[in-house]
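Q: Got a file for you: structure-v4.cif, mmCIF, C-alpha atoms.
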data_entry
loop_
_atom_site.label_atom_id
_atom_site.label_comp_id
_atom_site.auth_asym_id
_atom_site.auth_seq_id
_atom_site.Cartn_x
_atom_site.Cartn_y
_atom_site.Cartn_z
CA MET A 17 101.20 234.59 78.79
CA LYS A 18 104.43 235.62 80.50
CA LYS A 19 102.74 235.45 83.89
CA SER A 20 101.50 231.94 83.18
CA LEU A 21 104.96 230.77 82.12
CA ILE A 22 106.52 232.33 85.20
CA ALA A 23 103.92 230.63 87.39
CA LEU A 24 104.52 227.25 85.74
CA ALA A 25 108.27 227.68 86.15
CA ALA A 26 107.83 228.53 89.83
CA ILE A 27 105.60 225.49 90.36
CA GLY A 28 108.17 223.32 88.59
CA PHE A 29 110.96 224.68 90.79
CA VAL A 30 108.97 224.06 93.97
CA GLY A 31 108.14 220.54 92.81
CA ALA A 32 111.78 219.81 92.05
CA ALA A 33 112.84 221.15 95.44
CA ALA A 34 110.18 219.08 97.19
CA ALA A 35 111.36 215.97 95.37
CA GLN A 36 114.78 216.50 96.89
CA SER A 37 113.42 216.66 100.45
CA SER A 38 112.35 213.91 102.83
CA VAL A 39 110.60 213.88 106.20
CA THR A 40 110.14 210.66 108.17
CA LEU A 41 108.41 209.68 111.41
CA ASN A 42 110.38 207.22 113.53
CA GLY A 43 110.60 205.94 117.06
CA ILE A 44 110.82 203.08 119.54
CA ALA A 45 108.11 201.48 121.65
CA ASP A 46 109.79 199.57 124.51
CA ILE A 47 108.13 198.22 127.65
CA TRP A 48 109.15 195.61 130.22
CA VAL A 49 107.59 193.72 133.10
CA GLY A 50 109.82 192.85 136.02
CA LYS A 51 110.64 193.10 139.70
CA PRO A 52 113.23 195.48 141.14
CA GLU A 53 114.88 194.60 144.44
CA GLY A 54 112.60 195.42 147.35
CA GLY A 55 109.69 196.23 145.04
CA LYS A 56 106.70 194.49 143.51
CA VAL A 57 106.22 193.19 139.98
CA GLN A 58 105.64 196.21 137.78
CA ALA A 59 105.72 197.50 134.22
CA GLY A 60 108.37 199.95 133.13
CA SER A 61 109.00 201.94 129.98
CA GLY A 62 112.28 201.67 128.09
CA GLY A 63 114.13 198.51 129.13
CA VAL A 64 116.54 198.32 126.19
CA ALA A 65 115.95 201.83 124.84
CA GLU A 66 113.91 204.81 125.96
CA SER A 67 110.52 204.80 124.24
CA ARG A 68 110.32 207.76 121.89
CA PHE A 69 108.91 209.29 118.75
CA GLY A 70 110.68 211.62 116.41
CA ILE A 71 110.60 213.45 113.11
CA LYS A 72 113.67 213.61 110.90
CA GLY A 73 114.12 215.49 107.68
CA SER A 74 116.68 216.40 105.08
CA GLU A 75 116.93 218.47 101.94
CA ASP A 76 119.47 217.93 99.18
CA LEU A 77 121.03 221.34 98.56
CA GLY A 78 123.27 220.07 95.77
CA GLY A 79 127.00 219.53 95.58
CA GLY A 80 126.87 216.90 98.31
CA LEU A 81 125.41 219.34 100.85
CA LYS A 82 122.26 218.58 102.85
CA ALA A 83 120.18 220.48 105.37
CA VAL A 84 118.99 218.23 108.20
CA PHE A 85 116.75 218.51 111.25
CA THR A 86 115.59 216.27 114.11
CA PHE A 87 112.77 216.59 116.65
CA GLU A 88 112.58 213.75 119.19
CA SER A 89 110.63 213.26 122.42
CA GLY A 90 110.84 210.56 125.09
CA ILE A 91 107.59 208.81 126.06
CA ASN A 92 106.59 206.84 129.13
CA LEU A 93 104.68 203.81 127.81
CA GLY A 94 103.41 203.13 131.31
CA ASN A 95 101.06 206.11 131.29
CA GLY A 96 101.53 207.71 127.89
CA SER A 97 103.12 210.89 129.25
CA LEU A 98 106.10 212.76 127.84
CA ASN A 99 109.42 212.34 129.63
CA GLY A 100 109.87 216.02 130.40
CA THR A 101 109.35 218.80 127.89
CA LEU A 102 108.22 218.23 124.33
CA PHE A 103 111.20 217.18 122.19
CA ASN A 104 113.34 216.81 125.30
CA ARG A 105 115.68 214.37 123.54
CA GLN A 106 116.50 216.34 120.40
CA ALA A 107 115.46 219.55 118.66
CA ASN A 108 118.14 220.67 116.24
CA VAL A 109 118.96 221.72 112.69
CA GLY A 110 122.20 221.52 110.76
CA LEU A 111 124.18 220.82 107.61
CA GLU A 112 125.85 217.64 106.32
CA GLY A 113 128.50 217.38 103.65
CA GLY A 114 132.00 216.24 102.83
CA PHE A 115 133.19 218.29 105.80
CA GLY A 116 131.09 216.20 108.23
CA THR A 117 128.00 217.27 110.19
CA ILE A 118 127.34 220.42 112.16
CA LYS A 119 124.17 220.90 114.22
CA ALA A 120 122.76 223.46 116.63
CA GLY A 121 120.06 223.09 119.29
CA GLN A 122 119.07 220.44 121.83
CA ASN A 123 121.25 217.44 121.10
CA TRP A 124 123.08 214.45 122.58
CA ASN A 125 126.65 215.41 123.35
CA ALA A 126 129.79 213.86 121.91
CA LEU A 127 130.44 211.59 124.92
CA ASP A 128 126.94 210.16 124.76
CA ASP A 129 127.58 209.11 121.14
CA ILE A 130 129.90 206.32 122.32
CA PHE A 131 129.04 205.82 126.00
CA GLY A 132 127.01 202.63 125.51
CA SER A 133 128.91 201.24 122.51
CA ALA A 134 130.59 198.45 124.50
CA ASN A 135 127.99 197.84 127.23
CA SER A 136 126.84 194.33 128.02
CA GLY A 137 123.15 193.49 128.25
CA PHE A 138 122.49 195.37 124.99
CA ASP A 139 123.11 198.67 126.83
CA SER A 140 119.82 198.17 128.66
CA ALA A 141 118.39 198.26 132.18
CA LEU A 142 119.90 194.77 132.54
CA SER A 143 123.46 195.93 131.85
CA ALA A 144 126.00 195.10 134.54
CA ASN A 145 127.16 198.71 134.61
CA GLY A 146 123.98 199.62 136.45
CA VAL A 147 126.24 199.47 139.53
CA TRP A 148 128.47 202.30 138.28
CA GLN A 149 128.51 205.08 140.85
CA ASN A 150 129.61 207.77 138.39
CA GLY A 151 127.29 209.25 135.80
CA TYR A 152 127.44 211.68 132.94
CA THR A 153 125.19 214.28 131.31
CA GLY A 154 124.10 212.88 127.96
CA ALA A 155 122.23 215.80 126.39
CA ALA A 156 122.59 219.56 126.40
CA ALA A 157 120.43 222.45 125.27
CA ALA A 158 121.57 225.28 122.98
CA GLN A 159 124.51 223.17 121.88
CA LEU A 160 126.87 223.37 118.93
CA TYR A 161 127.87 219.91 117.70
CA TYR A 162 130.35 218.87 115.01
CA ALA A 163 131.15 215.34 113.80
CA THR A 164 133.94 214.59 111.33
CA PRO A 165 133.50 212.33 108.31
CA GLU A 166 134.99 208.85 108.63
CA PHE A 167 138.56 208.29 107.42
CA SER A 168 139.54 204.60 107.14
CA GLY A 169 137.51 203.79 110.26
CA PHE A 170 138.58 206.86 112.25
CA SER A 171 136.09 209.57 113.22
CA GLY A 172 135.34 212.01 116.02
CA ALA A 173 132.99 214.66 117.35
CA ILE A 174 132.99 217.68 119.65
CA SER A 175 130.10 219.48 121.31
CA THR A 176 129.78 222.55 123.50
CA GLN A 177 127.22 225.00 124.81
CA LEU A 178 127.53 228.75 124.37
CA ASN A 179 128.28 231.00 127.34
CA GLY A 180 125.19 233.12 126.76
CA ASN A 181 122.93 230.10 127.28
CA THR A 182 124.71 228.81 130.38
CA ALA A 183 124.94 231.66 132.89
CA ASN A 184 128.08 233.09 131.28
CA GLY A 185 129.59 229.63 130.97
CA ALA A 186 129.15 228.64 134.61
CA ASN A 187 126.95 225.66 133.70
CA LYS A 188 128.46 224.83 130.32
CA ILE A 189 128.86 221.22 129.17
CA THR A 190 131.65 220.41 126.71
CA ALA A 191 132.45 216.95 125.36
CA PHE A 192 134.36 215.13 122.65
CA HIS A 193 135.06 211.64 121.39
CA ALA A 194 137.43 209.90 119.00
CA LYS A 195 136.79 206.38 117.76
CA TYR A 196 138.01 203.69 115.42
CA ALA A 197 135.49 201.23 113.98
CA ASN A 198 136.63 198.95 111.19
CA GLY A 199 135.72 195.29 110.69
CA PRO A 200 135.63 193.41 113.99
CA VAL A 201 137.43 196.15 115.96
CA TYR A 202 135.95 199.13 117.78
CA VAL A 203 137.83 201.48 120.17
CA GLY A 204 136.44 204.70 121.60
CA LEU A 205 137.77 207.50 123.80
CA GLY A 206 135.42 210.13 125.20
CA TYR A 207 135.52 213.08 127.61
CA GLU A 208 132.96 215.35 129.24
CA ASN A 209 133.43 218.53 131.28
CA ASP A 210 130.23 219.49 133.11
CA LYS A 211 130.64 222.82 134.90
CA GLY A 212 127.05 222.73 136.14
CA ILE A 213 127.81 219.91 138.58
CA ALA A 214 131.59 220.51 138.70
CA ARG A 215 132.52 217.12 137.25
CA LYS A 216 134.72 215.81 134.47
CA GLY A 217 134.81 212.27 133.17
CA THR A 218 136.89 210.17 130.79
CA LEU A 219 135.69 206.99 129.06
CA LEU A 220 137.67 204.32 127.24
CA ASN A 221 135.78 201.43 125.70
CA GLY A 222 136.15 198.82 123.00
CA SER A 223 134.92 195.61 121.47
CA TYR A 224 136.25 192.81 119.28
CA ASP A 225 134.00 190.49 117.30
CA LEU A 226 135.44 186.97 117.19
CA GLY A 227 132.42 185.62 115.35
CA ALA A 228 131.58 183.08 118.04
CA ALA A 229 131.37 185.96 120.55
CA LYS A 230 131.79 189.73 120.66
CA LEU A 231 134.03 190.78 123.55
CA LEU A 232 133.17 194.03 125.35
CA ALA A 233 135.12 196.24 127.77
CA SER A 234 134.79 199.76 129.18
CA TYR A 235 136.46 201.93 131.80
CA TYR A 236 135.05 205.21 133.11
CA THR A 237 136.57 207.58 135.64
CA THR A 238 135.12 210.81 136.99
CA LYS A 239 136.54 213.52 139.21
CA ALA A 240 134.93 216.45 141.00
CA PHE A 241 136.48 219.87 140.31
CA GLY A 242 139.06 221.00 142.87
CA THR A 243 139.30 217.64 144.66
CA THR A 244 141.34 214.45 144.48
CA ALA A 245 138.23 212.29 144.93
CA LYS A 246 137.54 209.99 142.00
CA VAL A 247 135.09 207.30 141.02
CA ASN A 248 136.62 204.52 138.91
CA SER A 249 134.38 202.00 137.17
CA TYR A 250 134.87 199.21 134.67
CA GLN A 251 132.88 196.55 132.87
CA LEU A 252 133.70 193.33 131.01
CA GLY A 253 131.24 191.39 128.92
CA ALA A 254 130.42 189.38 125.83
CA ASP A 255 127.58 189.11 123.31
CA ILE A 256 127.23 185.48 122.21
CA PRO A 257 125.12 184.52 119.17
CA MET A 258 123.08 181.41 119.99
CA GLY A 259 121.43 181.14 116.58
CA ALA A 260 120.17 183.27 113.72
CA ALA A 261 117.77 185.22 115.94
CA LEU A 262 118.93 184.63 119.54
CA THR A 263 121.80 186.47 121.29
CA LEU A 264 122.97 186.00 124.88
CA SER A 265 124.82 188.84 126.62
CA VAL A 266 126.74 188.55 129.91
CA GLY A 267 128.65 191.17 131.84
CA TYR A 268 130.49 191.93 135.07
CA ALA A 269 131.03 195.45 136.41
CA SER A 270 132.70 197.13 139.36
CA SER A 271 132.71 200.69 140.71
CA LYS A 272 134.59 202.34 143.57
CA ALA A 273 134.79 205.88 144.89
CA THR A 274 137.89 207.15 146.68
CA GLY A 275 137.66 206.01 150.30
CA GLY A 276 134.47 204.09 149.61
CA GLN A 277 133.40 200.48 149.20
CA SER A 278 133.46 198.67 145.87
CA ALA A 279 130.11 197.93 144.24
CA THR A 280 129.97 194.97 141.87
CA GLY A 281 127.32 193.59 139.58
CA PHE A 282 126.62 190.74 137.19
CA GLY A 283 124.12 190.87 134.37
CA VAL A 284 122.77 188.34 131.90
CA ALA A 285 120.30 189.13 129.14
CA ALA A 286 118.89 187.39 126.09
CA ALA A 287 117.37 188.98 122.99
CA TYR A 288 115.29 187.16 120.38
CA ALA A 289 114.65 188.99 117.11
CA LEU A 290 111.14 188.34 115.84
CA SER A 291 111.93 190.59 112.86
CA LYS A 292 114.32 193.37 111.90
CA ARG A 293 112.25 195.79 113.98
CA THR A 294 110.78 193.74 116.85
CA THR A 295 112.78 192.04 119.62
CA LEU A 296 111.81 190.12 122.76
CA TYR A 297 114.30 190.40 125.63
CA GLY A 298 114.73 189.29 129.22
CA GLY A 299 117.28 188.76 131.95
CA LEU A 300 118.48 189.79 135.36
CA ARG A 301 121.04 191.95 137.14
CA ALA A 302 122.44 190.95 140.52
CA THR A 303 124.55 193.37 142.55
CA ASN A 304 126.66 193.56 145.68
CA ASN A 305 126.81 196.58 148.02
CA VAL A 306 124.19 198.48 145.97
CA ALA A 307 120.85 198.54 147.74
CA GLY A 308 117.77 198.22 145.57
CA ASN A 309 119.70 197.64 142.34
CA ASP A 310 118.86 193.99 141.64
CA LEU A 311 116.37 193.49 138.82
CA TRP A 312 114.76 190.83 136.66
CA ALA A 313 112.66 191.75 133.65
CA VAL A 314 111.20 190.62 130.34
CA GLY A 315 110.12 193.03 127.62
CA VAL A 316 109.51 193.87 123.99
CA ASN A 317 111.23 196.49 121.84
CA HIS A 318 109.70 197.64 118.55
CA LYS A 319 111.29 200.16 116.20
CA PHE A 320 109.31 202.07 113.61
#
For this file, produce the structure as structure tokens.
A:
Amino acid sequence: MKKSLIALAAIGFVGAAAAQSSVTLNGIADIWVGKPEGGKVQAGSGGVAESRFGIKGSEDLGGGLKAVFTFESGINLGNGSLNGTLFNRQANVGLEGGFGTIKAGQNWNALDDIFGSANSGFDSALSANGVWQNGYTGAAAAQLYYATPEFSGFSGAISTQLNGNTANGANKITAFHAKYANGPVYVGLGYENDKGIARKGTLLNGSYDLGAAKLLASYYTTKAFGTTAKVNSYQLGADIPMGAALTLSVGYASSKATGGQSATGFGVAAAYALSKRTTLYGGLRATNNVAGNDLWAVGVNHKF
């Protein structure tokens, strides 16, 4: 009798624990058809967002504390292949609570969190900042990541790799961001130090929603270690609602390396929401002094 009661109690405990847990499958299927400069009409995967599938889960540990995990892999919709290794986008586990969120594993770094927050063209392949000559490293393996809770619109995050996973720190990527997002105003400041390619970069971006249009601006500067050479880039744009489902986005961007020639670009894109999860989009990007960077495309983005 005792054994039966113990077994029933154990089953009840497991059932209660399971009821507090959740695991969901999610992703994006995004494909476009277009013509890059100097090329032929072709299909491409991930016009607005990289196509992907992922698994997310959480468990309520009580007292406002949760255990969380994410596995996410990029997919090429053109041929169905994975974009690199399995779960190349994210593979991490962590804890969430009143203290914020801490995660460990493969993860997007703290600069990536805000990098596209004020990009025109819906932060897509049609964005004007496709002419920017300075890049950044968005994800890092074996990374520790911490994000603060939000305080009256203010929040931040920091991420870093451990020396033992990066050739004694020689290839370590460290990043942080601080942002304010409250009502119509957003302002973000981000930084990344990438020892692997000896580059550091600083981003300042922001937006203001006037109702009739959302104004966008960003400035990004990078510098190679031990040199005075810099690449300075900026972008200005606006998202303009044209109706309940249609939004037009326009942007202008410029980029210049020390001693080099300025590259400029203009982008215009439109997005029509067929539902909360499915959007049709299209547009073009025209550039100056950037060979092979012009593009026109139409596509569909579906979230699940």
Q: One number please: atom CA of Asn317 of chain A to atom CA of Asp46 of chain A, in Å, one decimal.
A: 4.3 Å
Q: Would you kindly return, as a CSV table (one decimal) with C-alpha atoms, keeping the file's coordinate frame, each protein, DNA or RNA residue with an atom no farther than 10 Å from any atom of Gly283 of chain A, considering only C-alpha atoms and excluding same-chain residues fewer than 3 positions away?
A:
chain,number,residue,atom,x,y,z
A,136,SER,CA,126.8,194.3,128.0
A,137,GLY,CA,123.2,193.5,128.2
A,141,ALA,CA,118.4,198.3,132.2
A,142,LEU,CA,119.9,194.8,132.5
A,143,SER,CA,123.5,195.9,131.8
A,144,ALA,CA,126.0,195.1,134.5
A,145,ASN,CA,127.2,198.7,134.6
A,146,GLY,CA,124.0,199.6,136.4
A,253,GLY,CA,131.2,191.4,128.9
A,265,SER,CA,124.8,188.8,126.6
A,266,VAL,CA,126.7,188.6,129.9
A,267,GLY,CA,128.6,191.2,131.8
A,268,TYR,CA,130.5,191.9,135.1
A,269,ALA,CA,131.0,195.4,136.4
A,299,GLY,CA,117.3,188.8,132.0
A,300,LEU,CA,118.5,189.8,135.4
A,301,ARG,CA,121.0,192.0,137.1
A,302,ALA,CA,122.4,191.0,140.5
A,303,THR,CA,124.6,193.4,142.6
A,310,ASP,CA,118.9,194.0,141.6
A,311,LEU,CA,116.4,193.5,138.8
A,312,TRP,CA,114.8,190.8,136.7
Q: Given the choices A:Leu226, A:Leu220, A:Ala120, A:Ala233, which gets closest to His193 of chain A if the distance is worked out from all atoms listed in the file?
A: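 Smallest distance to His193 of chain A is found for A:Leu220.
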Q: Could you tell me how far atom CA of Ile71 of chain A lies from atom CA of Tyr288 of chain A, in Å and to one decimal?
A: 27.7 Å
Q: How many Å lie between atom CA of Gly80 of chain A and atom CA of Arg105 of chain A, rounded to one decimal?
A: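 Pair atom CA of Gly80 of chain A / atom CA of Arg105 of chain A returns 27.7 Å.
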Q: Do a neighbour search on Gly55 of chain A at 12 Å with all atoms listed in the file, toss out local chain neighbours closer than 2 positions, and write the hits as number ranges by chain.
A: A: 50-53, 57-59, 307-312
Q: Enumerate, as a PyMOL selection string, the residues matched when the PyMOL selection byres ((chain A and resi 175-189) around 6) is run on the file above.
A: chain A and resi 125-126+158-161+174+190-191+209-212
Q: Neighbours of Gly169 of chain A within 6 Å (all atoms listed in the file; same-chain residues fewer than 6 positions away dropped), as a ChimeraX atom specification?
A: /A:196-198
Q: Between A:Leu93, A:Val147, A:Ala107, A:Ile44, which one has atoms that come closest to Ala279 of chain A, using all atoms listed in the file?
A: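 Counting all atoms listed in the file, the residue closest to Ala279 of chain A is A:Val147.
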Q: Evaluate the PyMOL selection byres ((chain A and resi 201-205) around 7) and record the selected residues as an NGL selection string, following the chain and residue labels used in the document.
A: :A and (130 or 193-200 or 206 or 219-225)
Q: From the options A:Lys239, A:Lys272, A:His318, A:Lys56, which residue's atoms come nearest to Glu208 of chain A, counting all atoms listed in the file?
A: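 Of A:Lys239, A:Lys272, A:His318, A:Lys56, the one nearest Glu208 of chain A is A:Lys239, counting all atoms listed in the file.
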Q: Using all atoms listed in the file, find the one residue out of A:Ser270, A:Tyr297, A:Tyr152, A:Asp255 that sits nearest to Ala240 of chain A.
A: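 Using all atoms listed in the file, Ala240 of chain A sits closest to A:Tyr152.
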Q: Taking all atoms of segment 130-138 of chain A that the file lists, what box with edges along x, y and z, padded by 4 Å per side, do you get, with centre and edge lengths in Å to one decimal, as lines of an AutoDock Vina configuration file?
A:
center_x = 126.5
center_y = 199.9
center_z = 125.3
size_x = 16.1
size_y = 20.8
size_z = 13.9
Q: For the provided coordinates, the residues matched by the PyMOL selection byres ((chain A and resi 289) around 10) should be stated as number ranges by chain.
A: A: 260-263, 287-288, 290-297, 316-317
Q: Pick the closest to Trp148 of chain A from A:Ala286, A:Ala229, A:Val39, A:Ala273: which is it, counting all atoms listed in the file?
A: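 Once distances to Trp148 of chain A are computed over all atoms listed in the file, the minimum belongs to A:Ala273.
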